[in-house]
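What follows is model-v8.cif (mmCIF, C-alpha atoms and all ligand atoms).
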data_query
loop_
_atom_site.label_atom_id
_atom_site.label_comp_id
_atom_site.auth_asym_id
_atom_site.auth_seq_id
_atom_site.Cartn_x
_atom_site.Cartn_y
_atom_site.Cartn_z
CA MET S 1 127.83 110.80 108.59
CA LYS S 2 127.22 113.78 106.28
CA ILE S 3 124.50 113.23 103.73
CA ASP S 4 124.04 115.51 100.74
CA LEU S 5 120.32 116.09 100.36
CA GLY S 6 120.65 118.17 97.20
CA PRO S 7 120.95 121.94 96.58
CA ARG S 8 117.32 122.86 97.35
CA ALA S 9 117.29 121.18 100.77
CA GLU S 10 120.74 122.53 101.65
CA ALA S 11 119.75 126.09 100.64
CA PHE S 12 116.70 125.77 102.86
CA ARG S 13 118.92 124.48 105.70
CA ALA S 14 121.21 127.52 105.37
CA GLU S 15 118.28 129.96 105.36
CA LEU S 16 116.68 128.31 108.39
CA ARG S 17 119.93 128.00 110.32
CA ALA S 18 120.58 131.73 109.82
CA TRP S 19 117.07 132.65 111.01
CA LEU S 20 117.34 130.38 114.06
CA ALA S 21 120.80 131.74 114.91
CA GLU S 22 119.53 135.30 114.92
CA THR S 23 116.19 134.53 116.66
CA VAL S 24 116.87 131.84 119.29
CA PRO S 25 118.88 133.06 122.32
CA LYS S 26 122.03 131.09 123.17
CA ASP S 27 121.44 131.58 126.88
CA ARG S 28 119.38 128.65 128.21
CA ASP S 29 117.06 130.69 130.46
CA GLU S 30 116.38 133.32 127.80
CA ARG S 31 115.76 130.57 125.27
CA ARG S 32 113.30 128.80 127.55
CA ALA S 33 111.49 132.07 128.24
CA LEU S 34 111.05 132.75 124.52
CA MET S 35 109.94 129.17 123.76
CA GLY S 36 107.29 129.36 126.45
CA SER S 37 105.94 132.76 125.42
CA PRO S 38 103.19 133.67 122.89
CA ARG S 39 105.87 135.58 120.95
CA TRP S 40 107.40 132.28 119.79
CA GLU S 41 104.07 131.21 118.27
CA GLU S 42 103.74 134.63 116.59
CA LEU S 43 107.23 134.31 115.11
CA LEU S 44 106.48 130.84 113.74
CA VAL S 45 103.20 132.03 112.24
CA GLU S 46 104.97 135.02 110.64
CA GLN S 47 107.60 132.72 109.11
CA ARG S 48 104.99 130.13 108.06
CA LEU S 49 106.75 127.54 110.19
CA ILE S 50 103.59 125.70 111.27
CA CYS S 51 102.15 122.91 109.06
CA VAL S 52 105.12 123.54 106.81
CA ALA S 53 104.44 120.72 104.36
CA TRP S 54 101.02 122.03 103.40
CA PRO S 55 100.43 123.90 100.12
CA GLU S 56 101.26 127.61 100.24
CA GLU S 57 97.76 128.58 99.04
CA TYR S 58 96.33 127.16 102.29
CA GLY S 59 98.90 128.78 104.59
CA GLY S 60 101.74 126.22 104.56
CA ARG S 61 105.19 126.47 102.94
CA GLY S 62 104.87 123.56 100.53
CA LEU S 63 108.01 121.86 101.92
CA SER S 64 108.95 118.38 100.70
CA GLY S 65 109.41 115.48 103.14
CA VAL S 66 113.17 115.97 102.92
CA GLU S 67 112.86 119.68 103.77
CA VAL S 68 110.60 118.88 106.74
CA ALA S 69 113.28 116.48 108.01
CA VAL S 70 115.89 119.25 107.56
CA LEU S 71 113.65 121.64 109.49
CA ASN S 72 113.29 119.16 112.36
CA GLU S 73 117.05 118.63 112.47
CA GLU S 74 117.77 122.37 112.52
CA PHE S 75 115.19 123.05 115.23
CA ALA S 76 116.67 120.24 117.35
CA ARG S 77 120.18 121.60 116.74
CA ALA S 78 119.13 125.11 117.85
CA ARG S 79 117.11 123.65 120.77
CA ALA S 80 114.09 125.49 119.40
CA ARG S 81 110.58 124.21 120.12
CA ARG S 82 108.62 123.01 117.09
CA LEU S 83 105.03 124.10 117.35
CA THR S 84 102.64 121.54 115.94
CA ARG S 85 98.87 121.52 115.73
CA GLY S 86 98.36 118.04 117.19
CA MET S 87 96.28 115.55 115.24
CA GLY S 88 95.01 118.37 113.02
CA GLU S 89 98.51 118.76 111.63
CA SER S 90 99.76 115.19 111.81
CA LEU S 91 96.65 113.21 110.78
CA VAL S 92 93.61 115.17 109.55
CA GLY S 93 95.33 117.83 107.41
CA PRO S 94 97.44 115.31 105.42
CA SER S 95 94.31 113.19 104.83
CA ILE S 96 92.31 116.22 103.62
CA ILE S 97 95.18 117.20 101.33
CA VAL S 98 95.08 113.77 99.67
CA HIS S 99 91.32 113.07 99.69
CA GLY S 100 89.48 116.37 100.28
CA THR S 101 87.87 118.62 97.70
CA ASP S 102 89.41 122.05 96.97
CA GLU S 103 86.54 123.58 98.94
CA GLN S 104 87.31 121.35 101.95
CA LYS S 105 91.03 122.17 101.78
CA ALA S 106 90.27 125.90 101.72
CA ARG S 107 87.78 125.56 104.59
CA PHE S 108 89.60 123.23 107.00
CA LEU S 109 93.36 123.66 106.52
CA PRO S 110 93.77 127.35 107.48
CA ARG S 111 91.67 126.76 110.61
CA ILE S 112 94.11 124.03 111.72
CA ILE S 113 97.10 126.29 111.08
CA ASP S 114 95.70 129.21 113.09
CA GLY S 115 94.61 126.88 115.94
CA THR S 116 90.84 127.48 115.59
CA ASP S 117 90.02 123.80 114.94
CA ARG S 118 91.60 121.18 117.22
CA TYR S 119 91.00 117.52 116.52
CA CYS S 120 90.70 114.21 118.34
CA GLN S 121 90.40 110.76 116.76
CA GLY S 122 87.29 108.58 116.98
CA PHE S 123 88.28 105.36 115.22
CA SER S 124 88.44 102.52 117.80
CA GLU S 125 85.31 100.94 119.23
CA PRO S 126 84.93 98.41 122.06
CA ASP S 127 84.77 95.59 119.45
CA ALA S 128 86.76 97.18 116.65
CA GLY S 129 90.44 97.95 117.34
CA SER S 130 92.93 95.94 115.31
CA ASP S 131 90.06 94.86 113.08
CA LEU S 132 88.94 98.46 112.61
CA ALA S 133 86.78 97.70 109.57
CA SER S 134 84.32 95.79 111.76
CA LEU S 135 83.16 99.08 113.32
CA THR S 136 79.42 99.44 113.95
CA THR S 137 78.88 103.18 114.58
CA ARG S 138 76.11 104.16 112.13
CA GLY S 139 75.74 107.27 109.99
CA ILE S 140 72.36 107.97 108.39
CA ILE S 141 71.75 110.74 105.86
CA ASP S 142 69.11 113.26 106.90
CA GLY S 143 68.80 116.09 104.37
CA ASP S 144 72.22 117.66 104.04
CA GLU S 145 73.47 116.18 107.30
CA LEU S 146 74.76 112.89 108.63
CA VAL S 147 73.20 111.66 111.89
CA ILE S 148 75.60 109.48 113.87
CA ASP S 149 74.91 106.91 116.61
CA GLY S 150 77.40 104.61 118.32
CA GLN S 151 80.29 104.34 120.75
CA LYS S 152 84.00 104.99 120.32
CA VAL S 153 86.74 104.34 122.86
CA TRP S 154 90.30 105.43 123.72
CA THR S 155 89.71 108.94 122.37
CA SER S 156 92.99 110.68 123.28
CA TRP S 157 93.37 114.39 124.01
CA TYR S 158 89.63 114.99 123.79
CA THR S 159 89.57 117.81 126.36
CA ASP S 160 91.01 120.41 124.01
CA ALA S 161 89.28 119.18 120.84
CA THR S 162 86.66 121.11 118.88
CA ILE S 163 86.15 118.40 116.23
CA ILE S 164 86.35 114.61 116.34
CA PHE S 165 87.31 112.89 113.07
CA THR S 166 85.51 109.61 113.04
CA LEU S 167 84.54 106.59 110.97
CA CYS S 168 80.93 105.44 110.68
CA ARG S 169 79.10 102.86 108.62
CA THR S 170 76.94 104.61 106.03
CA ASP S 171 76.15 101.53 103.90
CA PRO S 172 75.50 98.51 106.15
CA ASP S 173 74.87 96.25 103.12
CA ALA S 174 78.29 96.83 101.53
CA PRO S 175 81.32 94.57 102.27
CA LYS S 176 82.92 95.71 105.53
CA HIS S 177 85.80 97.76 104.11
CA ARG S 178 83.38 99.62 101.87
CA GLY S 179 80.32 101.42 103.21
CA ILE S 180 82.42 103.37 105.77
CA SER S 181 82.58 107.18 105.78
CA TYR S 182 85.22 109.50 107.29
CA VAL S 183 83.53 112.50 108.84
CA LEU S 184 84.51 115.56 110.87
CA VAL S 185 82.00 115.97 113.71
CA PRO S 186 81.90 119.20 115.79
CA VAL S 187 82.00 118.16 119.47
CA ASP S 188 80.14 121.16 120.87
CA GLN S 189 76.66 119.67 120.51
CA PRO S 190 74.36 117.60 122.76
CA GLY S 191 74.80 114.46 120.58
CA VAL S 192 78.52 114.10 121.50
CA GLU S 193 79.45 113.01 125.02
CA PHE S 194 82.92 112.22 126.38
CA ARG S 195 83.31 109.97 129.44
CA PRO S 196 86.89 110.18 130.79
CA ILE S 197 88.96 107.01 131.43
CA LYS S 198 91.64 107.03 134.17
CA GLN S 199 95.02 105.67 133.04
CA ILE S 200 97.73 103.66 134.82
CA THR S 201 99.77 106.90 135.14
CA GLY S 202 96.86 108.56 136.96
CA GLU S 203 96.19 110.92 134.06
CA ARG S 204 92.93 111.20 132.10
CA HIS S 205 93.94 111.80 128.48
CA PHE S 206 91.41 109.26 127.22
CA ALA S 207 87.67 109.08 126.97
CA GLU S 208 84.88 106.92 125.73
CA THR S 209 82.95 108.91 123.11
CA TRP S 210 79.22 108.45 122.74
CA PHE S 211 77.40 109.62 119.63
CA ASN S 212 73.70 109.98 120.28
CA ALA S 213 72.10 111.43 117.13
CA ALA S 214 75.19 113.61 116.67
CA ARG S 215 75.01 115.76 113.53
CA ALA S 216 77.61 116.75 110.97
CA PRO S 217 77.11 118.47 107.60
CA LEU S 218 77.56 116.13 104.61
CA ASP S 219 80.16 118.65 103.47
CA ASN S 220 82.30 117.38 106.36
CA VAL S 221 82.60 113.88 104.84
CA ILE S 222 86.16 113.56 103.51
CA GLY S 223 86.87 111.48 100.40
CA GLY S 224 83.19 110.98 99.55
CA LEU S 225 80.44 108.88 101.13
CA ASN S 226 81.34 105.20 101.69
CA ASN S 227 84.98 105.83 100.77
CA GLY S 228 86.24 106.39 104.32
CA TRP S 229 88.48 103.31 104.45
CA ALA S 230 90.91 104.77 101.91
CA VAL S 231 91.02 108.04 103.87
CA SER S 232 91.61 106.20 107.15
CA MET S 233 94.60 104.34 105.60
CA THR S 234 96.20 107.70 104.78
CA THR S 235 95.56 108.84 108.35
CA LEU S 236 97.07 105.67 109.85
CA GLY S 237 100.10 105.78 107.51
CA ASN S 238 100.82 109.27 108.84
CA GLU S 239 100.24 108.15 112.45
CA ARG S 240 102.77 105.31 112.12
CA GLY S 241 105.40 107.02 110.00
CA GLY S 242 104.98 110.62 111.14
CA GLY S 243 107.95 110.97 113.47
CA ALA S 244 110.18 108.45 111.75
CA THR S 245 112.77 110.91 110.52
CA THR S 246 113.18 112.59 113.92
CA GLN S 247 112.45 109.70 116.27
CA HIS S 248 116.13 108.93 116.81
CA LEU S 249 116.71 112.48 118.15
CA GLN S 250 114.25 111.90 121.00
CA HIS S 251 115.69 108.44 121.70
CA GLU S 252 119.23 109.74 121.58
CA ARG S 253 118.34 112.27 124.31
CA MET S 254 116.72 109.50 126.35
CA PHE S 255 119.82 107.32 125.93
CA TRP S 256 122.14 110.06 127.24
CA ASP S 257 119.77 110.67 130.16
CA LEU S 258 120.17 106.98 130.99
CA VAL S 259 123.96 107.28 130.76
CA ASP S 260 123.79 110.23 133.22
CA GLU S 261 121.66 108.11 135.55
CA VAL S 262 124.20 105.26 135.38
CA ARG S 263 127.04 107.69 136.19
CA ARG S 264 125.08 109.12 139.10
CA LEU S 265 124.64 105.58 140.45
CA GLY S 266 128.42 104.95 140.14
CA ARG S 267 127.85 102.04 137.73
CA ALA S 268 129.51 103.52 134.64
CA ARG S 269 132.51 101.15 134.82
CA ASP S 270 130.47 98.00 135.32
CA PRO S 271 131.12 95.91 132.15
CA LEU S 272 127.65 94.38 132.18
CA VAL S 273 126.08 97.83 132.33
CA ARG S 274 128.38 99.12 129.57
CA ASP S 275 127.51 96.15 127.39
CA ARG S 276 123.81 96.90 127.78
CA LEU S 277 124.30 100.60 127.08
CA ALA S 278 126.24 99.79 123.89
CA TRP S 279 123.35 97.58 122.81
CA PHE S 280 120.85 100.41 123.36
CA TRP S 281 123.10 102.82 121.48
CA SER S 282 123.20 100.47 118.49
CA HIS S 283 119.39 100.57 118.46
CA VAL S 284 119.39 104.37 118.38
CA ALA S 285 121.80 104.17 115.41
CA ILE S 286 119.48 101.69 113.64
CA MET S 287 116.59 104.12 114.18
CA ARG S 288 118.60 106.87 112.54
CA PHE S 289 119.33 104.71 109.49
CA GLN S 290 115.71 103.65 109.25
CA GLY S 291 114.78 107.33 109.34
CA LEU S 292 117.18 108.03 106.49
CA ARG S 293 115.72 105.15 104.49
CA LEU S 294 112.25 106.61 104.99
CA LEU S 295 113.62 109.98 104.00
CA SER S 296 114.65 108.62 100.60
CA ALA S 297 111.15 107.09 100.19
CA LEU S 298 109.68 110.51 101.01
CA ALA S 299 112.03 112.21 98.56
CA ASN S 300 110.67 109.96 95.80
CA ASP S 301 106.91 110.20 96.31
CA ASN S 302 106.06 111.90 99.64
CA ASP S 303 104.47 108.71 100.96
CA PRO S 304 106.07 106.63 103.74
CA GLY S 305 103.92 103.62 102.73
CA PRO S 306 103.76 100.39 104.75
CA SER S 307 107.44 100.61 105.73
CA ALA S 308 106.33 103.24 108.29
CA SER S 309 105.27 100.16 110.28
CA ILE S 310 108.93 99.08 110.63
CA SER S 311 109.75 102.35 112.39
CA LYS S 312 106.70 102.28 114.64
CA MET S 313 107.39 98.69 115.70
CA PHE S 314 111.11 99.25 116.28
CA TRP S 315 111.05 102.49 118.30
CA SER S 316 108.06 101.47 120.45
CA GLU S 317 109.70 98.17 121.47
CA HIS S 318 113.09 99.85 121.99
CA GLN S 319 111.53 102.40 124.35
CA GLN S 320 109.92 99.65 126.43
CA ARG S 321 113.25 97.78 126.75
CA LEU S 322 115.20 100.94 127.62
CA THR S 323 112.76 102.17 130.25
CA ASN S 324 112.50 98.63 131.72
CA TYR S 325 116.26 98.68 132.12
CA ALA S 326 116.26 102.19 133.63
CA VAL S 327 113.69 101.23 136.26
CA ASP S 328 115.61 98.00 136.96
CA ILE S 329 118.96 99.69 137.43
CA LEU S 330 117.45 102.31 139.75
CA GLY S 331 116.59 99.50 142.15
CA PRO S 332 113.93 100.19 144.79
CA SER S 333 113.83 103.91 143.90
CA GLY S 334 112.77 102.86 140.38
CA ALA S 335 109.46 101.78 141.89
CA LEU S 336 108.80 105.32 143.13
CA ARG S 337 107.12 107.91 140.96
CA GLY S 338 109.68 109.87 138.97
CA PRO S 339 110.57 110.66 135.35
CA TRP S 340 111.76 107.11 134.53
CA THR S 341 108.73 105.49 136.14
CA SER S 342 106.43 107.73 134.09
CA LEU S 343 108.31 106.90 130.90
CA PHE S 344 108.25 103.19 131.81
CA LEU S 345 104.49 103.22 132.42
CA GLY S 346 103.78 105.46 129.43
CA SER S 347 105.82 103.23 127.10
CA ARG S 348 103.36 100.32 127.64
CA ALA S 349 100.94 102.18 125.37
CA HIS S 350 103.34 102.71 122.46
CA THR S 351 103.01 99.13 121.19
CA ILE S 352 99.22 99.53 121.15
CA TRP S 353 98.15 102.93 119.77
CA GLY S 354 98.19 103.48 116.01
CA GLY S 355 98.02 99.69 115.53
CA THR S 356 99.62 97.14 117.88
CA ALA S 357 103.13 95.74 117.37
CA GLU S 358 101.53 92.46 116.19
CA ILE S 359 99.53 94.32 113.55
CA GLN S 360 102.68 96.21 112.42
CA ARG S 361 104.39 92.80 112.05
CA ASN S 362 101.51 91.58 109.90
CA ILE S 363 101.80 94.68 107.70
CA VAL S 364 105.59 94.33 107.39
CA GLY S 365 105.25 90.61 106.64
CA GLU S 366 102.54 90.94 104.03
CA ARG S 367 103.07 94.35 102.46
CA VAL S 368 106.83 94.97 102.82
CA LEU S 369 108.29 91.43 102.66
CA GLY S 370 105.56 89.96 100.45
CA LEU S 371 104.93 86.94 102.71
CA PRO S 372 101.63 85.05 102.41
CA LYS S 373 98.65 86.44 104.34
CA GLU S 374 97.71 84.78 107.64
CA PRO S 375 95.23 81.97 107.12
CA PRO S 376 91.68 82.68 108.40
CA ALA S 377 91.13 81.56 112.01
CA ALA S 378 89.08 78.35 112.52
CA GLY S 379 85.42 79.25 112.25
CA ASP S 380 86.06 82.28 110.01
CA GLY S 381 84.57 80.44 107.04
CA PRO S 382 86.22 79.79 103.66
C1 LIG A 1 97.77 105.45 124.31
C2 LIG A 1 96.70 105.08 123.35
C3 LIG A 1 96.05 106.07 122.66
C4 LIG A 1 95.02 105.74 121.79
N1 LIG A 1 94.36 106.77 121.18
C5 LIG A 1 93.34 106.48 120.35
C6 LIG A 1 92.58 107.55 119.79
O1 LIG A 1 92.84 108.73 120.01
N2 LIG A 1 91.55 107.23 118.99
C7 LIG A 1 91.23 105.93 118.69
O2 LIG A 1 90.31 105.73 117.91
N3 LIG A 1 91.91 104.89 119.25
C8 LIG A 1 92.96 105.15 120.07
N4 LIG A 1 93.64 104.12 120.67
C9 LIG A 1 93.19 102.75 120.47
C10 LIG A 1 94.13 101.88 119.63
O3 LIG A 1 94.09 102.26 118.28
C11 LIG A 1 93.70 100.42 119.83
O4 LIG A 1 93.90 100.11 121.19
C12 LIG A 1 94.50 99.46 118.97
O5 LIG A 1 94.20 99.63 117.60
C13 LIG A 1 94.27 97.99 119.37
O6 LIG A 1 92.91 97.70 119.42
P1 LIG A 1 92.25 97.00 120.71
O7 LIG A 1 92.68 97.77 121.91
O8 LIG A 1 90.79 96.86 120.45
O9 LIG A 1 92.93 95.58 120.81
P2 LIG A 1 92.51 94.26 120.00
O10 LIG A 1 92.35 94.58 118.57
O11 LIG A 1 91.35 93.62 120.69
O12 LIG A 1 93.78 93.36 120.18
C14 LIG A 1 94.04 92.60 121.36
C15 LIG A 1 95.33 91.83 121.16
O13 LIG A 1 95.20 90.91 120.06
C16 LIG A 1 96.22 91.12 119.11
N5 LIG A 1 95.70 90.93 117.76
C17 LIG A 1 94.52 91.37 117.27
N6 LIG A 1 94.40 91.03 115.96
C18 LIG A 1 95.54 90.37 115.61
C19 LIG A 1 96.03 89.78 114.40
N7 LIG A 1 95.33 89.78 113.27
N8 LIG A 1 97.26 89.18 114.42
C20 LIG A 1 98.02 89.17 115.56
N9 LIG A 1 97.60 89.72 116.75
C21 LIG A 1 96.39 90.31 116.75
C22 LIG A 1 96.64 92.57 119.31
O14 LIG A 1 97.96 92.78 118.83
C23 LIG A 1 96.52 92.73 120.81
O15 LIG A 1 97.67 92.24 121.46
C24 LIG A 1 94.66 104.39 121.56
C25 LIG A 1 95.32 103.37 122.28
C26 LIG A 1 96.32 103.71 123.17
C27 LIG A 1 96.98 102.60 123.93
#
Would you encode the structure as structure tokens?
Amino acid sequence: MKIDLGPRAEAFRAELRAWLAETVPKDRDERRALMGSPRWEELLVEQRLICVAWPEEYGGRGLSGVEVAVLNEEFARARARRLTRGMGESLVGPSIIVHGTDEQKARFLPRIIDGTDRYCQGFSEPDAGSDLASLTTRGIIDGDELVIDGQKVWTSWYTDATIIFTLCRTDPDAPKHRGISYVLVPVDQPGVEFRPIKQITGERHFAETWFNAARAPLDNVIGGLNNGWAVSMTTLGNERGGGATTQHLQHERMFWDLVDEVRRLGRARDPLVRDRLAWFWSHVAIMRFQGLRLLSALANDNDPGPSASISKMFWSEHQQRLTNYAVDILGPSGALRGPWTSLFLGSRAHTIWGGTAEIQRNIVGERVLGLPKEPPAAGDGP
């Protein structure tokens, strides 16, 4: 289906396609060599093709959501690697752009773009996951600094991080969604300790994070003291909706990998297998249409809103079903370690991080469909 995204987006597509055609080698080995080399990063920096949606004055290109989707499509088409700056680009930067002061934007955004600052996320606590607002990590003002004590958990990708963006309670007397602050804490200090957690896949991407009188300048509080909940909602909206317009591309590739696997096993003519594959394909198509729907929301006001939860819920559950099937159809070899087993094990986490599938359903029910809120559990009081 060809969709006309308007003259500005199509002009951008033409410009980008021409640049990619002349820069990205057609030969697979040459292309891989370039993508893996520092030269590729240099080229993207030169062309301002990192953090492209950010304002030009801070080093971005000021692209709209629609243009970012075009960029992702063109990169996928040219088999060119998109270089992203992790959570700095996907979560912290967009939250600073909405809630930060001009001084904070000028200080933090260029350092994300050039790779100086690398972020990890310190939101969840042992007793505050889905109910994030019940967090107990404390922040106390001491002069022009915040002193932070408490424990976080499930801190992903902490090994490479220079800053942890975290939530702490700075007004314990305020109602629980107020009195929370969103603060950027440098990790290279004695008050921040990471304790690695081993995962089911054998990797150690996670850690518990302990704050023991950790210090951060008050200038690192984003959105103002005690206003961290609003900032965290922007962060989580971006976490859930971030890949929605490109998600189908990744799932399409995974689908065709499964088809190859089925052919290799000599099962491609089995009607039951074909029926199942058609069902998976229809889910990839639904993802694409959902992406396009989100694209039109982005074109209107640059905010995916609560409908980002529909995408997160749908793709994460699809991936679990598809990888379950792949491991099943492989038979005994599916139990051995290999690419499908890793995807199967890894997909368990997708219905948990960024808000569980149950929480996404609550958001869709209440904030997209307008259904009544869940009643308080017995013992929760009036
Ligand atoms: C791969 C991965 C990476 C992560 N990375 C990070 C990170 O970098 N930083 C970070 O801060 N956190 C991270 N997390 C943590 C993640 O945000 C939490 O695990 C998630 O929010 C759920 O919280 P919880 O684990 O405390 O589960 P709980 O909130 O205790 O939930 C337990 C179960 O109860 C259900 N439940 C809870 N409340 C409701 C409700 N109201 N209605 C219906 N069902 C409900 C949940 O759906 C779930 O099934 C990561 C998690 C994973 C799996």
Please compute the atom CA of S:Ala216-atom CA of S:Gly86 distance, one decimal, in Å.
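Atom CA of S:Gly86 lies at a distance of 21.7 Å from atom CA of S:Ala216.
Distance annotation: of S:Ile329, S:Val24, S:Val284, S:Ala335, the residue with the minimal separation from S:Glu317 is S:Val284; atom set is all atoms listed in the file.
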Quick one: which stretch 59-152 of chain S residues come within 8 Å of stretch 46-55 of chain S, and what is the nearest atom pair for each with the distance in Å to one decimal, counting all atoms listed in the file, rows ordered by chain and ascending number, as JSON lines?
{"residue": "S:Gly59", "atom": "CA", "partner": "S:Pro55", "partner_atom": "CA", "distance": 6.8}
{"residue": "S:Gly60", "atom": "CA", "partner": "S:Trp54", "partner_atom": "CA", "distance": 4.4}
{"residue": "S:Arg61", "atom": "CA", "partner": "S:Val52", "partner_atom": "CA", "distance": 4.9}
{"residue": "S:Gly62", "atom": "CA", "partner": "S:Pro55", "partner_atom": "CA", "distance": 4.5}
{"residue": "S:Leu63", "atom": "CA", "partner": "S:Ala53", "partner_atom": "CA", "distance": 4.5}
{"residue": "S:Ser64", "atom": "CA", "partner": "S:Ala53", "partner_atom": "CA", "distance": 6.3}
{"residue": "S:Gly65", "atom": "CA", "partner": "S:Ala53", "partner_atom": "CA", "distance": 7.3}
{"residue": "S:Val68", "atom": "CA", "partner": "S:Ala53", "partner_atom": "CA", "distance": 6.9}
{"residue": "S:Leu83", "atom": "CA", "partner": "S:Ile50", "partner_atom": "CA", "distance": 6.4}
{"residue": "S:Thr84", "atom": "CA", "partner": "S:Ile50", "partner_atom": "CA", "distance": 6.3}
{"residue": "S:Arg85", "atom": "CA", "partner": "S:Cys51", "partner_atom": "CA", "distance": 7.6}
{"residue": "S:Glu89", "atom": "CA", "partner": "S:Cys51", "partner_atom": "CA", "distance": 6.1}
{"residue": "S:Pro94", "atom": "CA", "partner": "S:Trp54", "partner_atom": "CA", "distance": 7.9}
{"residue": "S:Ile97", "atom": "CA", "partner": "S:Trp54", "partner_atom": "CA", "distance": 7.9}
{"residue": "S:Ile113", "atom": "CA", "partner": "S:Cys51", "partner_atom": "CA", "distance": 6.4}
What's around stretch 228-235 of chain S at 6 Å? Count all atoms listed in the file, leave out sequence neighbours fewer than 3 positions away in its own chain, and write the answer as an NGL selection string.
:S and (91 or 95 or 180-182 or 238)
Can you tell me how far atom CA of S:Thr136 sits from atom CA of S:Ile163, in Å to one decimal?
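Computing the Euclidean distance for atom CA of S:Thr136 and atom CA of S:Ile163 yields 20.2 Å.
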Within 10 Å of stretch 288-290 of chain S using only C-alpha atoms, minus same-chain residues under 4 positions, as a list in words:
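These residues fall inside the cut-off: Ala244, Thr245, Thr246, Gln247, His248, Leu249, His251, Glu252, Ser282, His283, Val284, Leu294, Leu295, Ser307, Ala308, Ile310, Ser311 and Phe314 of chain S.
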Enumerate residues in contact with ligand LIG 1 (chain A): an atom-to-atom distance of at most 6 Å, counting all atoms listed in the file. Format the result as a list of chain:residue names.
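The neighbouring residues of ligand LIG 1 (chain A) are, in order, S:Gln121, S:Gly122, S:Phe123, S:Ser124, S:Ala128, S:Gly129, S:Ser130, S:Asp131, S:Trp154, S:Thr155, S:Ser156, S:Ala349, S:Ile352, S:Trp353, S:Gly354, S:Gly355, S:Thr356, S:Glu358, S:Ile359.
Across the structure, atom CA of S:Glu56 and atom CA of S:Gly224 are spaced 24.6 Å apart.
Comparing S:Gln199, S:Thr341, S:Ser309, S:Asn220 by their smallest distance to S:Asp328, the closest is S:Thr341 (using only C-alpha atoms).
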